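Colleague: Sharing query-v4.tsv below, TSV, C-alpha atoms:
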chain	number	residue	atom	x	y	z
A	24	MET	CA	167.25	135.64	18.45
A	25	ARG	CA	167.31	131.87	19.07
A	26	PHE	CA	167.07	132.45	22.83
A	27	ASN	CA	164.14	134.82	22.42
A	28	PHE	CA	162.35	132.41	20.09
A	29	LEU	CA	162.66	129.55	22.59
A	30	ALA	CA	161.53	131.78	25.43
A	31	VAL	CA	158.44	132.77	23.49
A	32	LEU	CA	157.82	129.14	22.51
A	33	PHE	CA	157.99	127.98	26.14
A	34	ALA	CA	155.75	130.85	27.24
A	35	VAL	CA	153.11	129.89	24.67
A	36	PHE	CA	153.34	126.24	25.70
A	37	ALA	CA	152.90	127.17	29.37
A	38	LEU	CA	149.91	129.33	28.53
A	39	LEU	CA	148.27	126.54	26.53
A	40	LEU	CA	148.89	124.08	29.34
A	41	SER	CA	147.39	126.52	31.86
A	42	MET	CA	144.35	127.04	29.65
A	43	THR	CA	143.89	123.28	29.31
A	44	THR	CA	144.07	122.81	33.08
A	45	VAL	CA	141.64	125.64	33.74
A	46	GLY	CA	139.29	124.36	31.06
A	47	SER	CA	139.41	120.88	32.56
A	48	ALA	CA	138.55	122.23	36.02
A	49	GLN	CA	135.76	124.34	34.64
A	50	SER	CA	134.28	121.39	32.74
A	51	LYS	CA	133.77	119.50	35.99
A	52	PRO	CA	130.66	120.27	38.04
A	53	ASN	CA	131.05	122.16	41.32
A	54	ILE	CA	129.89	120.00	44.23
A	55	VAL	CA	129.64	121.20	47.83
A	56	ILE	CA	129.73	118.62	50.62
A	57	LEU	CA	127.86	119.60	53.78
A	58	ALA	CA	128.96	117.49	56.74
A	59	THR	CA	126.72	116.76	59.73
A	60	GLY	CA	128.69	113.99	61.47
A	61	GLY	CA	127.38	110.45	61.81
A	62	THR	CA	129.05	107.07	61.53
A	63	ILE	CA	130.65	108.00	58.22
A	64	ALA	CA	132.76	110.42	60.28
A	65	GLY	CA	132.98	108.09	63.28
A	66	SER	CA	136.14	107.04	65.08
A	67	ALA	CA	136.73	103.98	67.25
A	68	ALA	CA	139.69	102.97	69.38
A	69	ASP	CA	140.04	99.64	67.56
A	70	ALA	CA	139.90	98.96	63.80
A	71	SER	CA	137.70	95.93	64.39
A	72	ALA	CA	135.09	97.92	66.33
A	73	THR	CA	131.80	98.68	64.57
A	74	THR	CA	129.95	99.78	67.72
A	75	GLY	CA	130.94	101.93	70.66
A	76	TYR	CA	132.59	104.53	68.42
A	77	LYS	CA	132.25	108.31	68.57
A	78	ALA	CA	130.01	109.50	65.74
A	79	GLY	CA	130.99	112.70	63.96
A	80	ALA	CA	134.51	112.69	65.40
A	81	LEU	CA	136.19	113.42	62.05
A	82	GLY	CA	135.82	116.68	60.16
A	83	ILE	CA	134.95	117.10	56.50
A	84	ASP	CA	138.59	117.74	55.54
A	85	VAL	CA	139.58	114.33	56.89
A	86	LEU	CA	136.80	112.63	54.93
A	87	LEU	CA	137.78	114.37	51.70
A	88	ASN	CA	141.48	113.63	52.14
A	89	ALA	CA	140.61	109.96	52.55
A	90	VAL	CA	138.86	109.89	49.16
A	91	PRO	CA	140.97	111.99	46.74
A	92	GLN	CA	139.24	110.25	43.82
A	93	VAL	CA	136.25	112.58	44.22
A	94	LYS	CA	138.32	115.25	42.46
A	95	GLU	CA	138.22	113.17	39.27
A	96	TYR	CA	134.47	113.78	39.04
A	97	ALA	CA	133.96	117.27	40.41
A	98	ASN	CA	135.46	120.40	41.88
A	99	VAL	CA	134.70	119.60	45.50
A	100	SER	CA	134.57	121.85	48.55
A	101	GLY	CA	133.31	121.06	52.03
A	102	GLU	CA	131.53	122.75	54.94
A	103	GLN	CA	130.95	121.47	58.45
A	104	ILE	CA	127.31	122.15	59.39
A	105	CYS	CA	127.42	120.19	62.65
A	106	SER	CA	129.09	117.12	64.14
A	107	ILE	CA	126.41	114.96	65.72
A	108	ASP	CA	125.18	111.42	66.04
A	109	SER	CA	122.10	111.57	63.80
A	110	LYS	CA	119.88	110.13	66.53
A	111	ASP	CA	120.20	113.64	67.97
A	112	MET	CA	119.02	115.44	64.81
A	113	THR	CA	116.89	118.55	65.45
A	114	ASP	CA	114.49	120.78	63.56
A	115	ASP	CA	117.02	123.60	63.99
A	116	ILE	CA	119.63	121.71	61.99
A	117	TRP	CA	117.07	120.81	59.31
A	118	LEU	CA	116.17	124.47	58.91
A	119	LYS	CA	119.85	125.43	58.79
A	120	LEU	CA	120.51	122.80	56.12
A	121	ALA	CA	117.57	123.87	53.97
A	122	ASP	CA	118.58	127.53	54.18
A	123	ARG	CA	122.20	126.77	53.33
A	124	ILE	CA	121.33	124.53	50.37
A	125	ASN	CA	118.88	127.05	48.91
A	126	ASP	CA	121.47	129.80	49.38
A	127	LEU	CA	124.21	127.77	47.66
A	128	PHE	CA	121.99	126.96	44.69
A	129	SER	CA	120.90	130.59	44.37
A	130	ARG	CA	124.52	131.60	43.65
A	131	GLY	CA	124.45	129.78	40.34
A	132	ASP	CA	127.95	128.30	40.56
A	133	VAL	CA	127.02	125.18	42.56
A	134	ASP	CA	125.87	122.20	40.51
A	135	GLY	CA	125.10	119.71	43.24
A	136	ILE	CA	125.29	119.05	46.97
A	137	VAL	CA	126.25	115.99	48.99
A	138	ILE	CA	125.31	115.72	52.67
A	139	THR	CA	127.22	113.33	54.92
A	140	HIS	CA	124.85	112.10	57.61
A	141	GLY	CA	124.32	109.45	60.24
A	142	THR	CA	122.04	106.63	59.17
A	143	ASP	CA	119.57	106.69	62.11
A	144	THR	CA	117.60	109.70	60.85
A	145	LEU	CA	119.04	110.00	57.35
A	146	GLU	CA	115.70	109.15	55.71
A	147	GLU	CA	113.94	111.88	57.69
A	148	THR	CA	116.44	114.59	56.78
A	149	ALA	CA	116.26	113.49	53.15
A	150	TYR	CA	112.47	113.77	53.07
A	151	PHE	CA	112.48	117.15	54.84
A	152	LEU	CA	114.92	118.51	52.24
A	153	ASN	CA	112.91	116.87	49.46
A	154	LEU	CA	110.07	119.21	50.44
A	155	THR	CA	112.06	122.36	51.25
A	156	VAL	CA	114.89	122.62	48.69
A	157	HIS	CA	113.70	124.64	45.71
A	158	SER	CA	116.01	123.51	42.94
A	159	ASN	CA	116.15	120.69	40.41
A	160	LYS	CA	119.89	120.32	41.01
A	161	PRO	CA	120.99	117.11	42.73
A	162	VAL	CA	121.05	116.82	46.51
A	163	VAL	CA	122.44	113.49	47.67
A	164	LEU	CA	122.57	112.18	51.24
A	165	VAL	CA	125.17	109.62	52.15
A	166	GLY	CA	126.20	107.76	55.27
A	167	ALA	CA	127.91	104.61	56.43
A	168	MET	CA	127.20	101.66	58.68
A	169	ARG	CA	130.81	101.25	59.78
A	170	PRO	CA	132.94	104.03	61.30
A	171	ALA	CA	135.75	105.53	59.24
A	172	THR	CA	138.36	103.75	61.37
A	173	ALA	CA	136.91	100.26	60.81
A	174	ILE	CA	138.34	97.51	58.66
A	175	SER	CA	136.37	97.55	55.38
A	176	ALA	CA	134.72	100.86	56.22
A	177	ASP	CA	131.91	101.49	53.74
A	178	GLY	CA	132.04	105.28	54.03
A	179	PRO	CA	134.78	106.08	51.48
A	180	MET	CA	133.13	104.25	48.57
A	181	ASN	CA	129.72	105.57	49.58
A	182	LEU	CA	131.10	109.13	49.57
A	183	LEU	CA	132.75	108.66	46.19
A	184	ASN	CA	129.52	107.30	44.73
A	185	ALA	CA	127.50	110.14	46.25
A	186	VAL	CA	129.75	112.67	44.51
A	187	ARG	CA	129.38	110.71	41.27
A	188	VAL	CA	125.60	110.82	41.63
A	189	ALA	CA	125.54	114.53	42.50
A	190	ALA	CA	127.83	115.30	39.54
A	191	SER	CA	125.74	113.32	37.04
A	192	PRO	CA	123.36	115.17	34.68
A	193	ALA	CA	121.09	112.12	35.00
A	194	SER	CA	120.38	113.11	38.63
A	195	VAL	CA	118.90	116.50	37.74
A	196	GLY	CA	115.20	116.74	38.58
A	197	LYS	CA	115.08	113.43	40.48
A	198	GLY	CA	114.46	115.05	43.87
A	199	VAL	CA	116.61	114.50	46.94
A	200	LEU	CA	118.47	111.21	46.67
A	201	VAL	CA	120.05	108.73	49.08
A	202	ALA	CA	123.13	106.88	47.81
A	203	LEU	CA	124.65	104.00	49.77
A	204	ASN	CA	125.88	100.51	48.94
A	205	ASP	CA	125.94	101.23	45.15
A	206	GLU	CA	122.17	101.90	45.26
A	207	ILE	CA	120.21	105.10	44.63
A	208	ASN	CA	116.94	105.67	46.47
A	209	ALA	CA	114.31	108.42	46.50
A	210	ALA	CA	114.00	110.43	49.72
A	211	ARG	CA	110.26	109.80	49.99
A	212	GLU	CA	110.44	106.02	49.83
A	213	VAL	CA	113.75	105.02	51.35
A	214	THR	CA	114.02	103.65	54.87
A	215	LYS	CA	116.57	101.98	57.08
A	216	THR	CA	115.59	98.31	57.25
A	217	ASN	CA	118.37	96.65	59.26
A	218	THR	CA	120.14	97.73	62.41
A	219	ILE	CA	123.68	96.74	61.41
A	220	THR	CA	124.15	95.57	57.80
A	221	VAL	CA	125.65	97.79	55.09
A	222	SER	CA	122.72	96.98	52.80
A	223	THR	CA	120.25	98.51	55.23
A	224	PHE	CA	118.68	101.23	53.04
A	225	LYS	CA	115.81	100.00	50.90
A	226	SER	CA	112.63	101.28	49.27
A	227	PRO	CA	110.18	98.48	50.09
A	228	GLU	CA	107.68	97.60	47.36
A	229	LEU	CA	108.44	100.63	45.15
A	230	GLY	CA	112.14	99.81	44.76
A	231	PHE	CA	115.39	101.64	44.02
A	232	LEU	CA	115.59	104.49	41.56
A	233	GLY	CA	118.84	103.11	40.20
A	234	TYR	CA	122.37	101.91	40.82
A	235	VAL	CA	125.93	103.15	40.61
A	236	ASN	CA	127.29	100.64	38.12
A	237	GLU	CA	131.09	100.64	37.97
A	238	GLY	CA	131.11	104.29	38.95
A	239	VAL	CA	128.30	105.33	36.59
A	240	PRO	CA	124.92	106.41	38.06
A	241	GLU	CA	122.11	104.77	36.10
A	242	PHE	CA	118.42	105.42	36.75
A	243	TYR	CA	115.55	103.06	35.99
A	244	ARG	CA	112.58	104.97	37.41
A	245	THR	CA	111.60	108.27	39.00
A	246	SER	CA	109.41	109.29	41.93
A	247	ALA	CA	106.01	110.60	40.82
A	248	ARG	CA	105.14	112.65	43.93
A	249	ARG	CA	105.77	116.40	44.18
A	250	HIS	CA	109.17	117.47	45.47
A	251	THR	CA	111.89	120.15	45.47
A	252	ILE	CA	111.26	122.66	42.70
A	253	ASN	CA	107.54	121.76	42.62
A	254	SER	CA	107.07	121.92	46.39
A	255	GLU	CA	104.82	124.57	47.91
A	256	PHE	CA	106.62	124.58	51.26
A	257	ASN	CA	109.02	127.38	52.14
A	258	VAL	CA	110.98	127.44	55.40
A	259	ASN	CA	113.17	130.41	54.53
A	260	GLY	CA	113.74	132.42	57.70
A	261	LYS	CA	111.73	130.08	59.93
A	262	LYS	CA	113.14	129.50	63.42
A	263	ASN	CA	111.03	126.50	64.38
A	264	LEU	CA	108.44	124.03	63.12
A	265	PRO	CA	105.00	123.12	64.52
A	266	TYR	CA	105.02	120.56	67.32
A	267	VAL	CA	103.89	117.17	65.99
A	268	LYS	CA	104.27	113.83	67.79
A	269	VAL	CA	104.08	110.21	66.66
A	270	ILE	CA	102.08	107.87	68.90
A	271	TYR	CA	102.55	104.15	68.32
A	272	GLY	CA	99.46	101.94	68.42
A	273	THR	CA	99.55	98.54	70.12
A	274	ALA	CA	97.29	95.89	71.54
A	275	ASN	CA	95.80	96.97	74.88
A	276	ASP	CA	96.39	100.62	73.94
A	277	ASP	CA	94.99	103.37	76.12
A	278	GLU	CA	94.38	107.12	76.21
A	279	LEU	CA	97.48	108.06	78.21
A	280	PHE	CA	99.91	109.19	75.52
A	281	VAL	CA	97.29	110.96	73.41
A	282	ASP	CA	96.08	112.89	76.43
A	283	ALA	CA	99.69	113.70	77.36
A	284	ALA	CA	100.30	115.03	73.84
A	285	ILE	CA	97.19	117.20	74.05
A	286	LYS	CA	98.34	118.56	77.41
A	287	ALA	CA	101.83	119.23	75.99
A	288	GLY	CA	100.35	121.52	73.33
A	289	VAL	CA	100.91	119.54	70.16
A	290	LYS	CA	99.56	120.94	66.90
A	291	GLY	CA	99.38	117.52	65.26
A	292	ILE	CA	99.46	113.80	66.04
A	293	ILE	CA	100.55	110.97	63.77
A	294	TYR	CA	98.95	107.75	64.99
A	295	ALA	CA	101.05	104.79	63.84
A	296	GLY	CA	98.20	102.33	63.84
A	297	THR	CA	97.96	98.62	63.23
A	298	GLY	CA	97.12	97.32	59.75
A	299	ASN	CA	95.47	100.00	57.61
A	300	GLY	CA	96.14	102.68	60.19
A	301	SER	CA	93.63	101.08	62.55
A	302	VAL	CA	93.10	102.87	65.86
A	303	HIS	CA	92.55	101.03	69.15
A	304	MET	CA	89.11	101.86	70.58
A	305	ASN	CA	90.67	103.38	73.70
A	306	ALA	CA	93.07	105.60	71.77
A	307	GLU	CA	90.27	106.55	69.38
A	308	LYS	CA	88.37	108.27	72.19
A	309	ALA	CA	91.39	110.40	73.06
A	310	LEU	CA	92.14	111.21	69.42
A	311	ALA	CA	88.55	112.35	68.99
A	312	ARG	CA	89.12	114.76	71.88
A	313	ALA	CA	92.26	115.97	70.12
A	314	THR	CA	90.50	116.81	66.85
A	315	ALA	CA	87.72	118.53	68.81
A	316	LYS	CA	90.43	120.85	70.16
A	317	GLY	CA	91.72	121.63	66.66
A	318	ILE	CA	94.68	119.25	66.75
A	319	VAL	CA	95.24	117.58	63.38
A	320	VAL	CA	95.30	113.77	63.56
A	321	VAL	CA	96.76	111.69	60.73
A	322	ARG	CA	96.45	107.92	60.62
A	323	SER	CA	99.63	106.17	59.53
A	324	SER	CA	100.67	102.54	59.87
A	325	ARG	CA	103.33	100.64	61.77
A	326	VAL	CA	103.28	97.89	59.09
A	327	GLY	CA	105.97	99.43	56.90
A	328	ASN	CA	104.34	98.86	53.51
A	329	GLY	CA	101.08	99.77	51.84
A	330	THR	CA	98.69	102.69	51.70
A	331	VAL	CA	96.57	103.97	54.57
A	332	ILE	CA	93.18	104.63	53.00
A	333	PRO	CA	89.74	105.61	54.38
A	334	ALA	CA	88.38	102.89	56.64
A	335	GLU	CA	85.87	103.04	59.47
A	336	GLN	CA	83.10	105.65	59.45
A	337	SER	CA	84.10	106.83	62.91
A	338	TYR	CA	87.50	107.88	61.59
A	339	ILE	CA	85.75	110.08	59.04
A	340	ASP	CA	83.33	111.42	61.64
A	341	TYR	CA	86.21	112.35	63.94
A	342	HIS	CA	88.07	114.04	61.03
A	343	PHE	CA	91.11	111.78	61.11
A	344	LEU	CA	93.21	112.19	57.97
A	345	ASP	CA	94.82	109.39	55.93
A	346	GLY	CA	98.62	109.16	55.73
A	347	ASP	CA	98.86	107.46	52.32
A	348	THR	CA	102.12	105.44	52.01
A	349	LEU	CA	104.27	107.64	54.23
A	350	SER	CA	105.94	106.03	57.22
A	351	PRO	CA	104.97	107.56	60.58
A	352	GLN	CA	108.27	109.45	60.81
A	353	LYS	CA	107.86	110.96	57.35
A	354	ALA	CA	104.17	111.68	57.88
A	355	ARG	CA	105.25	113.74	60.88
A	356	ILE	CA	107.52	115.85	58.66
A	357	LEU	CA	104.83	116.47	56.06
A	358	LEU	CA	102.31	117.42	58.75
A	359	GLN	CA	104.82	119.82	60.32
A	360	LEU	CA	105.31	121.56	56.98
A	361	ALA	CA	101.61	121.49	56.15
A	362	LEU	CA	100.85	123.24	59.45
A	363	THR	CA	103.21	126.08	58.52
A	364	LYS	CA	100.70	126.90	55.78
A	365	THR	CA	97.23	125.90	56.92
A	366	THR	CA	95.02	124.09	59.43
A	367	ASP	CA	92.35	123.36	56.83
A	368	LEU	CA	91.85	119.58	56.92
A	369	SER	CA	90.90	119.20	53.25
A	370	GLU	CA	94.04	121.10	52.24
A	371	ILE	CA	96.24	118.98	54.47
A	372	GLN	CA	94.67	115.79	53.09
A	373	ARG	CA	95.43	117.07	49.58
A	374	MET	CA	99.07	117.48	50.57
A	375	PHE	CA	99.23	113.88	51.79
A	376	LYS	CA	97.93	112.77	48.39
A	377	GLN	CA	100.45	114.87	46.44
A	378	TYR	CA	103.74	114.59	48.39
Just give me the structure of the file as structure tokens.

Modeller:
Amino acid sequence: MRFNFLAVLFAVFALLLSMTTVGSAQSKPNIVILATGGTIAGSAADASATTGYKAGALGIDVLLNAVPQVKEYANVSGEQICSIDSKDMTDDIWLKLADRINDLFSRGDVDGIVITHGTDTLEETAYFLNLTVHSNKPVVLVGAMRPATAISADGPMNLLNAVRVAASPASVGKGVLVALNDEINAAREVTKTNTITVSTFKSPELGFLGYVNEGVPEFYRTSARRHTINSEFNVNGKKNLPYVKVIYGTANDDELFVDAAIKAGVKGIIYAGTGNGSVHMNAEKALARATAKGIVVVRSSRVGNGTVIPAEQSYIDYHFLDGDTLSPQKARILLQLALTKTTDLSEIQRMFKQY
């Protein structure tokens, strides 16, 4: 009888321990990491090298094995979407990402998503997803300025913090986020501001949303523009996006690149003008020809801060739209998505005021 009693006692203990372990795992959020390559997955021949490395050389499993601490905050799984240097990002990959994220969230058992990404176009991917992911669950983009093989690589801590942000209830409803260097930024406002430093991502004028303080995500403000669950844009099933080009305004500008864009069949042009989206008189003539052909022209600014607002009467007469505070590269994304829905200029201008 004593043997049977002990056997039963040990069996009950094992069951309770198993239930505790399962309960602990279930209490953690489920986070999926979608890997796209970039410097965070980069490999160099020398540990002191921070340039000349191969971006995207390491797979998602290698990144996760290097940061086992992520498992303390979430049940983490990974998928390799692509392995590229983000300077080579394409609309196809954006559409694939949006479809995959929306599909994962539709299952109901995914609480947040982290996307590892190169820093060159990270802000553009973040803004595209901010407009095309239809969920209030956290989506966090993360990258690194030093390859994974470098001394003092910033990728591992950035990845850990990104998982912490994605796993935090405080991140719900904040839109797509960018988390690097212990700082949390909104997709709409963040931009890369320095070519090499680890503190490169900033939100000029409007500022960070928050910080990761000793491992705890803390928010101090939110973004007021429409995004994610409140977005009207749907790219489900789309194979491509409308062709929109950015043309950079300078002193002594001419008609050449605008005319080339018209000839190439663009559906929209973002003119990155001087000052308040000012258009050189030579380029203005060509842009007027573009709008006469039904091509949508949006004035943005190369300045980097401030709002592009109505200015000269000729801009109004030629039906140029105003880009608000969006950078030229983000204005291009919004115009691409707007053109999937309409060519009505008043409707597109409304979108630039709301997103």

Colleague: Using CA of Ile83 in chain A and CA of Asn53 in chain A as the two end points, give the distance in Å to one decimal.

Modeller: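 The value is 16.5 Å.
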
Colleague: Between A:Ala306, A:Ala72, A:Gly300, A:Asp367, which is the closest to Val319 in chain A once you count all atoms listed in the file?

Modeller: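 Closest to Val319 in chain A of all the choices is A:Asp367.
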
Colleague: Which residues are close to range 94-108 of chain A, i.e. within 10 Å by only C-alpha atoms, leaving aside same-chain residues fewer than 3 positions away? Reply as a tab-separated table (two decimals) with C-alpha atoms, in the frame of the given file.

Modeller:
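Contents of result.tsv, freshly written:
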chain	number	residue	atom	x	y	z
A	48	ALA	CA	138.55	122.23	36.02
A	49	GLN	CA	135.76	124.34	34.64
A	50	SER	CA	134.28	121.39	32.74
A	51	LYS	CA	133.77	119.50	35.99
A	52	PRO	CA	130.66	120.27	38.04
A	53	ASN	CA	131.05	122.16	41.32
A	54	ILE	CA	129.89	120.00	44.23
A	55	VAL	CA	129.64	121.20	47.83
A	56	ILE	CA	129.73	118.62	50.62
A	57	LEU	CA	127.86	119.60	53.78
A	58	ALA	CA	128.96	117.49	56.74
A	59	THR	CA	126.72	116.76	59.73
A	60	GLY	CA	128.69	113.99	61.47
A	61	GLY	CA	127.38	110.45	61.81
A	62	THR	CA	129.05	107.07	61.53
A	64	ALA	CA	132.76	110.42	60.28
A	65	GLY	CA	132.98	108.09	63.28
A	77	LYS	CA	132.25	108.31	68.57
A	78	ALA	CA	130.01	109.50	65.74
A	79	GLY	CA	130.99	112.70	63.96
A	80	ALA	CA	134.51	112.69	65.40
A	81	LEU	CA	136.19	113.42	62.05
A	82	GLY	CA	135.82	116.68	60.16
A	83	ILE	CA	134.95	117.10	56.50
A	84	ASP	CA	138.59	117.74	55.54
A	86	LEU	CA	136.80	112.63	54.93
A	87	LEU	CA	137.78	114.37	51.70
A	90	VAL	CA	138.86	109.89	49.16
A	91	PRO	CA	140.97	111.99	46.74
A	111	ASP	CA	120.20	113.64	67.97
A	112	MET	CA	119.02	115.44	64.81
A	116	ILE	CA	119.63	121.71	61.99
A	119	LYS	CA	119.85	125.43	58.79
A	120	LEU	CA	120.51	122.80	56.12
A	123	ARG	CA	122.20	126.77	53.33
A	133	VAL	CA	127.02	125.18	42.56
A	134	ASP	CA	125.87	122.20	40.51
A	135	GLY	CA	125.10	119.71	43.24
A	136	ILE	CA	125.29	119.05	46.97
A	137	VAL	CA	126.25	115.99	48.99
A	138	ILE	CA	125.31	115.72	52.67
A	139	THR	CA	127.22	113.33	54.92
A	140	HIS	CA	124.85	112.10	57.61
A	141	GLY	CA	124.32	109.45	60.24
A	142	THR	CA	122.04	106.63	59.17
A	143	ASP	CA	119.57	106.69	62.11
A	144	THR	CA	117.60	109.70	60.85
A	183	LEU	CA	132.75	108.66	46.19
A	184	ASN	CA	129.52	107.30	44.73
A	186	VAL	CA	129.75	112.67	44.51
A	187	ARG	CA	129.38	110.71	41.27
A	188	VAL	CA	125.60	110.82	41.63
A	189	ALA	CA	125.54	114.53	42.50
A	190	ALA	CA	127.83	115.30	39.54
A	191	SER	CA	125.74	113.32	37.04

Colleague: Of the residues A:Glu212, A:Val165, A:Met180, A:Leu264, which is the one nearest to Gln92 in chain A, using all atoms listed in the file?

Modeller: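 The answer is A:Met180, which sits nearest to Gln92 in chain A.
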
Colleague: Select, counting only C-alpha atoms, all protein, DNA and RNA residues no farther than 10 Å from (86.3, 117.7, 60.8) in file coordinates, and express the selection as a list in words.

Modeller: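 Every polymer residue passing the test: Thr314, Ala315, Gly317, Val319, Tyr338, Ile339, Asp340, Tyr341, His342, Phe343, Leu344, Asp367, Leu368 and Ser369 of chain A.
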
Colleague: Output C-alpha atoms for every residue in that selection, as a compact mmCIF listing (two decimals), in the coordinates of the input.

Modeller:
# COMPACT_ATOMS: atom_id res chain seq x y z
CA THR A 314 90.50 116.81 66.85
CA ALA A 315 87.72 118.53 68.81
CA GLY A 317 91.72 121.63 66.66
CA VAL A 319 95.24 117.58 63.38
CA TYR A 338 87.50 107.88 61.59
CA ILE A 339 85.75 110.08 59.04
CA ASP A 340 83.33 111.42 61.64
CA TYR A 341 86.21 112.35 63.94
CA HIS A 342 88.07 114.04 61.03
CA PHE A 343 91.11 111.78 61.11
CA LEU A 344 93.21 112.19 57.97
CA ASP A 367 92.35 123.36 56.83
CA LEU A 368 91.85 119.58 56.92
CA SER A 369 90.90 119.20 53.25

Colleague: Report, in Å with one decimal, the straight-line distance from CA of Val267 in chain A to CA of Gly291 in chain A.

Modeller: 4.6 Å

Colleague: Applying 6 Å and all atoms listed in the file, which residues near range 196-200 of chain A remain after dropping the ones on its own chain fewer than 6 positions away? List them as JSON, numbers by chain.

Modeller: {"A": [153, 159, 162, 163, 208, 209, 210, 251]}

Colleague: Find the residue from A:Met304, A:Ala309, A:Val320, A:Ala283 that sits nearest to Glu335 in chain A; use all atoms listed in the file when measuring.

Modeller: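 When distances to Glu335 in chain A are compared using all atoms listed in the file, the smallest one comes from A:Met304.
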
Colleague: Identify the residues around (127.4, 106.9, 52.3) within a radius of 7 Å, measuring from only C-alpha atoms in the coordinates stated by the file, and give them as a list in words.

Modeller: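 Every residue inside that radius is included here: Ile63, Thr139, Val165, Gly166, Ala167, Gly178, Asn181, Leu182, Ala185, Ala202 and Leu203 of chain A.
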
Colleague: Give me, please, the distance in Å between CA of Asn328 in chain A and CA of Ile293 in chain A, quoted to one decimal.

Modeller: 16.3 Å
